[in-house]
Amino acid sequence: LKSGKLKTYKVNEDGKEYITSFNSAGEYFGYLPLFENSNYTDTAEMLEDGEIVLIPKDEFLNMVFGDLKLSTKFIKIIAEDLTEKEERLLRLAYDSLRKRIAKSLLEIQEKFDKENLTMSPSITREDFARYVGTATESLIRTLSDFKAEKLIEIKDGKIQIINKEKLSHLLY
């Protein structure tokens, strides 16, 4: 992804969408099936104007397998992606809704805007709920609770993290 922000997602047989990742400029996506010689099964959608660079399959594989530094970089990217996805699955399975939302807020803020504690306005509440794995109404109710507890502020559709420390150490 050269510029902009995008999401990747899967849809189950009931039509429910689960967001598998949010990506920002400089990140790679869609490369894993190239190594597996399979089709890309996620759907990618831009969240804002941006630019995607397409690298032809043969060219990509020749570059990765022909350059030890690039191979090492992709092994690291794949390992980090796997670790992140495992952590998200554990959160989905075992954390309370409050903890899932708090950790996801911090994760998205870190991915899209490391300098500012504001969650990207290009992510809708519906997309955020799909990333967390909950109903939009439950997400909104929990964000309202966080606002009442002075963990976040919501202004003009933007979520501003006020107490990052407390948000990252919720007990329930």
# chains A, B, ... in the order shown; residues from 1 in each chain; ligands from 1
$ residues_around --residues "segment 93-98 of chain A" --least-positions-apart "2" --cutoff "12 Å" --atoms "only C-alpha atoms" --output "MDAnalysis selection string"
chainID A and resid 86:91 100:105 129 132:136 138:146 151 167:172
$ select_by_dssp --residues "segment 1-155 of chain A" --states "strand (DSSP E)" --output "list in words"
Lys5, Leu6, Lys7, Thr8, Tyr9, Lys10, Val11, Glu17, Tyr18, Ile19, Thr20, Ser21, Phe22, Asn23, Ser24, Thr43, Ala44, Glu45, Met46, Thr118, Met119, Ile152, Glu153, Ile154 and Lys155 of chain A
$ write_last_selection --atoms "N, CA and C atoms" --output "mmCIF file, in the first residue's frame"
data_model
loop_
_atom_site.group_PDB
_atom_site.id
_atom_site.type_symbol
_atom_site.label_atom_id
_atom_site.label_comp_id
_atom_site.auth_asym_id
_atom_site.auth_seq_id
_atom_site.Cartn_x
_atom_site.Cartn_y
_atom_site.Cartn_z
ATOM 1 N N LYS A 5 -5.340 4.243 3.449
ATOM 2 C CA LYS A 5 -5.658 3.200 4.421
ATOM 3 C C LYS A 5 -6.639 2.240 3.771
ATOM 4 N N LEU A 6 -6.504 0.971 4.126
ATOM 5 C CA LEU A 6 -7.453 -0.003 3.601
ATOM 6 C C LEU A 6 -7.751 -1.052 4.647
ATOM 7 N N LYS A 7 -8.845 -1.759 4.415
ATOM 8 C CA LYS A 7 -9.204 -2.886 5.277
ATOM 9 C C LYS A 7 -9.266 -4.124 4.410
ATOM 10 N N THR A 8 -8.986 -5.263 5.028
ATOM 11 C CA THR A 8 -9.209 -6.544 4.379
ATOM 12 C C THR A 8 -10.218 -7.296 5.227
ATOM 13 N N TYR A 9 -11.089 -8.046 4.567
ATOM 14 C CA TYR A 9 -12.122 -8.740 5.320
ATOM 15 C C TYR A 9 -12.576 -10.004 4.608
ATOM 16 N N LYS A 10 -13.249 -10.841 5.391
ATOM 17 C CA LYS A 10 -13.871 -12.058 4.888
ATOM 18 C C LYS A 10 -15.356 -11.980 5.233
ATOM 19 N N VAL A 11 -16.168 -12.661 4.443
ATOM 20 C CA VAL A 11 -17.609 -12.710 4.684
ATOM 21 C C VAL A 11 -18.005 -14.174 4.845
ATOM 22 N N GLU A 17 -19.551 -9.854 7.983
ATOM 23 C CA GLU A 17 -18.208 -9.438 7.607
ATOM 24 C C GLU A 17 -17.309 -9.423 8.848
ATOM 25 N N TYR A 18 -16.117 -9.994 8.710
ATOM 26 C CA TYR A 18 -15.113 -9.943 9.771
ATOM 27 C C TYR A 18 -13.869 -9.291 9.190
ATOM 28 N N ILE A 19 -13.467 -8.181 9.762
ATOM 29 C CA ILE A 19 -12.296 -7.467 9.265
ATOM 30 C C ILE A 19 -11.046 -8.178 9.761
ATOM 31 N N THR A 20 -10.233 -8.627 8.814
ATOM 32 C CA THR A 20 -9.020 -9.369 9.159
ATOM 33 C C THR A 20 -7.838 -8.455 9.409
ATOM 34 N N SER A 21 -7.837 -7.259 8.782
ATOM 35 C CA SER A 21 -6.744 -6.320 9.052
ATOM 36 C C SER A 21 -7.076 -4.928 8.551
ATOM 37 N N PHE A 22 -6.419 -3.977 9.174
ATOM 38 C CA PHE A 22 -6.372 -2.612 8.690
ATOM 39 C C PHE A 22 -4.934 -2.389 8.252
ATOM 40 N N ASN A 23 -4.739 -1.743 7.118
ATOM 41 C CA ASN A 23 -3.397 -1.501 6.611
ATOM 42 C C ASN A 23 -3.209 -0.022 6.334
ATOM 43 N N SER A 24 -1.992 0.449 6.572
ATOM 44 C CA SER A 24 -1.655 1.843 6.293
ATOM 45 C C SER A 24 -0.477 1.887 5.323
ATOM 46 N N THR A 43 -11.181 -9.846 0.906
ATOM 47 C CA THR A 43 -11.552 -8.718 0.061
ATOM 48 C C THR A 43 -10.830 -7.505 0.613
ATOM 49 N N ALA A 44 -10.239 -6.700 -0.250
ATOM 50 C CA ALA A 44 -9.549 -5.476 0.170
ATOM 51 C C ALA A 44 -10.376 -4.284 -0.282
ATOM 52 N N GLU A 45 -10.528 -3.311 0.625
ATOM 53 C CA GLU A 45 -11.316 -2.113 0.318
ATOM 54 C C GLU A 45 -10.604 -0.890 0.880
ATOM 55 N N MET A 46 -10.433 0.110 0.041
ATOM 56 C CA MET A 46 -9.810 1.359 0.487
ATOM 57 C C MET A 46 -10.756 2.079 1.442
ATOM 58 N N THR A 118 -5.648 9.777 18.467
ATOM 59 C CA THR A 118 -6.975 9.845 17.875
ATOM 60 C C THR A 118 -7.139 8.702 16.894
ATOM 61 N N MET A 119 -8.261 7.992 17.007
ATOM 62 C CA MET A 119 -8.521 6.919 16.053
ATOM 63 C C MET A 119 -8.955 7.526 14.732
ATOM 64 N N ILE A 152 -11.913 8.052 27.014
ATOM 65 C CA ILE A 152 -11.889 8.588 25.655
ATOM 66 C C ILE A 152 -12.787 9.816 25.582
ATOM 67 N N GLU A 153 -12.619 10.577 24.503
ATOM 68 C CA GLU A 153 -13.547 11.638 24.128
ATOM 69 C C GLU A 153 -13.981 11.362 22.702
ATOM 70 N N ILE A 154 -15.199 11.756 22.375
ATOM 71 C CA ILE A 154 -15.671 11.598 21.004
ATOM 72 C C ILE A 154 -16.119 12.974 20.525
ATOM 73 N N LYS A 155 -15.431 13.482 19.504
ATOM 74 C CA LYS A 155 -15.749 14.793 18.932
ATOM 75 C C LYS A 155 -15.771 14.682 17.425
#
$ select_by_dssp --residues "chain A" --states "alpha helix (DSSP H)" --output "number ranges by chain"
A: 32-36, 57-66, 68-94, 97-112, 125-132, 136-148, 164-168
$ residues_around --residues "Tyr40 of chain A" --least-positions-apart "4" --cutoff "9 Å" --atoms "only C-alpha atoms" --output "list in words"
Gly30, Tyr31, Leu32, Pro33 and Leu34 of chain A
$ atom_distance --atom1 "atom CA of Lys150 of chain A" --atom2 "atom CA of Glu107 of chain A"
18.9 Å
$ atom_distance --atom1 "atom CA of Arg125 of chain A" --atom2 "atom CA of Glu137 of chain A"
9.3 Å
$ closest_residue --among "A:Ile123, A:Lys57, A:Ile52, A:Asp113" --to "Ser38 of chain A" --atoms "only C-alpha atoms"
A:Lys57
$ closest_residue --among "A:Ile159, A:Leu92, A:Leu68, A:Ile75" --to "Asn116 of chain A" --atoms "only C-alpha atoms"
A:Ile159
$ residues_around --residues "Ser71 of chain A" --least-positions-apart "5" --cutoff "12 Å" --atoms "only C-alpha atoms" --output "ChimeraX atom specification"
/A:35,60-66,76-78
$ decode --residues "segment 142-162 of chain A" --atoms "N, CA, C and O atoms" --output "PDB file, in the first residue's frame"
ATOM      1  N   THR A 142     -20.414   0.491  24.648  1.00  0.00           N
ATOM      2  CA  THR A 142     -19.137   0.400  25.368  1.00  0.00           C
ATOM      3  C   THR A 142     -18.324   1.678  25.204  1.00  0.00           C
ATOM      4  O   THR A 142     -17.720   2.161  26.166  1.00  0.00           O
ATOM      5  N   LEU A 143     -18.320   2.251  23.993  1.00  0.00           N
ATOM      6  CA  LEU A 143     -17.622   3.528  23.804  1.00  0.00           C
ATOM      7  C   LEU A 143     -18.240   4.619  24.665  1.00  0.00           C
ATOM      8  O   LEU A 143     -17.519   5.462  25.218  1.00  0.00           O
ATOM      9  N   SER A 144     -19.556   4.599  24.810  1.00  0.00           N
ATOM     10  CA  SER A 144     -20.233   5.571  25.691  1.00  0.00           C
ATOM     11  C   SER A 144     -19.792   5.371  27.142  1.00  0.00           C
ATOM     12  O   SER A 144     -19.577   6.351  27.870  1.00  0.00           O
ATOM     13  N   ASP A 145     -19.652   4.111  27.559  1.00  0.00           N
ATOM     14  CA  ASP A 145     -19.146   3.827  28.914  1.00  0.00           C
ATOM     15  C   ASP A 145     -17.723   4.359  29.075  1.00  0.00           C
ATOM     16  O   ASP A 145     -17.395   4.977  30.098  1.00  0.00           O
ATOM     17  N   PHE A 146     -16.867   4.136  28.082  1.00  0.00           N
ATOM     18  CA  PHE A 146     -15.487   4.637  28.130  1.00  0.00           C
ATOM     19  C   PHE A 146     -15.462   6.159  28.214  1.00  0.00           C
ATOM     20  O   PHE A 146     -14.642   6.740  28.923  1.00  0.00           O
ATOM     21  N   LYS A 147     -16.397   6.780  27.508  1.00  0.00           N
ATOM     22  CA  LYS A 147     -16.475   8.242  27.538  1.00  0.00           C
ATOM     23  C   LYS A 147     -16.888   8.708  28.935  1.00  0.00           C
ATOM     24  O   LYS A 147     -16.289   9.643  29.485  1.00  0.00           O
ATOM     25  N   ALA A 148     -17.881   8.056  29.522  1.00  0.00           N
ATOM     26  CA  ALA A 148     -18.348   8.409  30.873  1.00  0.00           C
ATOM     27  C   ALA A 148     -17.238   8.182  31.909  1.00  0.00           C
ATOM     28  O   ALA A 148     -17.151   8.928  32.896  1.00  0.00           O
ATOM     29  N   GLU A 149     -16.387   7.195  31.670  1.00  0.00           N
ATOM     30  CA  GLU A 149     -15.271   6.899  32.585  1.00  0.00           C
ATOM     31  C   GLU A 149     -14.044   7.759  32.290  1.00  0.00           C
ATOM     32  O   GLU A 149     -12.994   7.574  32.895  1.00  0.00           O
ATOM     33  N   LYS A 150     -14.174   8.675  31.330  1.00  0.00           N
ATOM     34  CA  LYS A 150     -13.112   9.602  30.937  1.00  0.00           C
ATOM     35  C   LYS A 150     -11.854   8.889  30.423  1.00  0.00           C
ATOM     36  O   LYS A 150     -10.735   9.306  30.666  1.00  0.00           O
ATOM     37  N   LEU A 151     -12.077   7.792  29.692  1.00  0.00           N
ATOM     38  CA  LEU A 151     -10.985   7.079  29.033  1.00  0.00           C
ATOM     39  C   LEU A 151     -10.798   7.603  27.611  1.00  0.00           C
ATOM     40  O   LEU A 151      -9.689   7.576  27.088  1.00  0.00           O
ATOM     41  N   ILE A 152     -11.913   8.052  27.014  1.00  0.00           N
ATOM     42  CA  ILE A 152     -11.889   8.588  25.655  1.00  0.00           C
ATOM     43  C   ILE A 152     -12.787   9.816  25.582  1.00  0.00           C
ATOM     44  O   ILE A 152     -13.603  10.048  26.478  1.00  0.00           O
ATOM     45  N   GLU A 153     -12.619  10.577  24.503  1.00  0.00           N
ATOM     46  CA  GLU A 153     -13.547  11.638  24.128  1.00  0.00           C
ATOM     47  C   GLU A 153     -13.981  11.362  22.702  1.00  0.00           C
ATOM     48  O   GLU A 153     -13.212  10.797  21.923  1.00  0.00           O
ATOM     49  N   ILE A 154     -15.199  11.756  22.375  1.00  0.00           N
ATOM     50  CA  ILE A 154     -15.671  11.598  21.004  1.00  0.00           C
ATOM     51  C   ILE A 154     -16.119  12.974  20.525  1.00  0.00           C
ATOM     52  O   ILE A 154     -17.041  13.562  21.092  1.00  0.00           O
ATOM     53  N   LYS A 155     -15.431  13.482  19.504  1.00  0.00           N
ATOM     54  CA  LYS A 155     -15.749  14.793  18.932  1.00  0.00           C
ATOM     55  C   LYS A 155     -15.771  14.682  17.425  1.00  0.00           C
ATOM     56  O   LYS A 155     -14.800  14.205  16.825  1.00  0.00           O
ATOM     57  N   ASP A 156     -16.849  15.116  16.815  1.00  0.00           N
ATOM     58  CA  ASP A 156     -16.991  15.101  15.355  1.00  0.00           C
ATOM     59  C   ASP A 156     -16.689  13.724  14.759  1.00  0.00           C
ATOM     60  O   ASP A 156     -16.045  13.613  13.720  1.00  0.00           O
ATOM     61  N   GLY A 157     -17.116  12.670  15.435  1.00  0.00           N
ATOM     62  CA  GLY A 157     -16.905  11.318  14.940  1.00  0.00           C
ATOM     63  C   GLY A 157     -15.514  10.760  15.173  1.00  0.00           C
ATOM     64  O   GLY A 157     -15.241   9.628  14.829  1.00  0.00           O
ATOM     65  N   LYS A 158     -14.622  11.553  15.759  1.00  0.00           N
ATOM     66  CA  LYS A 158     -13.261  11.095  16.043  1.00  0.00           C
ATOM     67  C   LYS A 158     -13.173  10.661  17.500  1.00  0.00           C
ATOM     68  O   LYS A 158     -13.682  11.336  18.383  1.00  0.00           O
ATOM     69  N   ILE A 159     -12.513   9.552  17.715  1.00  0.00           N
ATOM     70  CA  ILE A 159     -12.310   9.047  19.073  1.00  0.00           C
ATOM     71  C   ILE A 159     -10.918   9.450  19.527  1.00  0.00           C
ATOM     72  O   ILE A 159      -9.927   9.062  18.907  1.00  0.00           O
ATOM     73  N   GLN A 160     -10.860  10.228  20.588  1.00  0.00           N
ATOM     74  CA  GLN A 160      -9.595  10.685  21.160  1.00  0.00           C
ATOM     75  C   GLN A 160      -9.348   9.893  22.447  1.00  0.00           C
ATOM     76  O   GLN A 160     -10.205   9.874  23.334  1.00  0.00           O
ATOM     77  N   ILE A 161      -8.213   9.227  22.523  1.00  0.00           N
ATOM     78  CA  ILE A 161      -7.866   8.473  23.735  1.00  0.00           C
ATOM     79  C   ILE A 161      -7.325   9.457  24.765  1.00  0.00           C
ATOM     80  O   ILE A 161      -6.358  10.169  24.498  1.00  0.00           O
ATOM     81  N   ILE A 162      -7.944   9.494  25.930  1.00  0.00           N
ATOM     82  CA  ILE A 162      -7.542  10.421  26.986  1.00  0.00           C
ATOM     83  C   ILE A 162      -6.626   9.731  27.994  1.00  0.00           C
ATOM     84  O   ILE A 162      -5.624  10.288  28.427  1.00  0.00           O
TER      85      ILE A 162
END
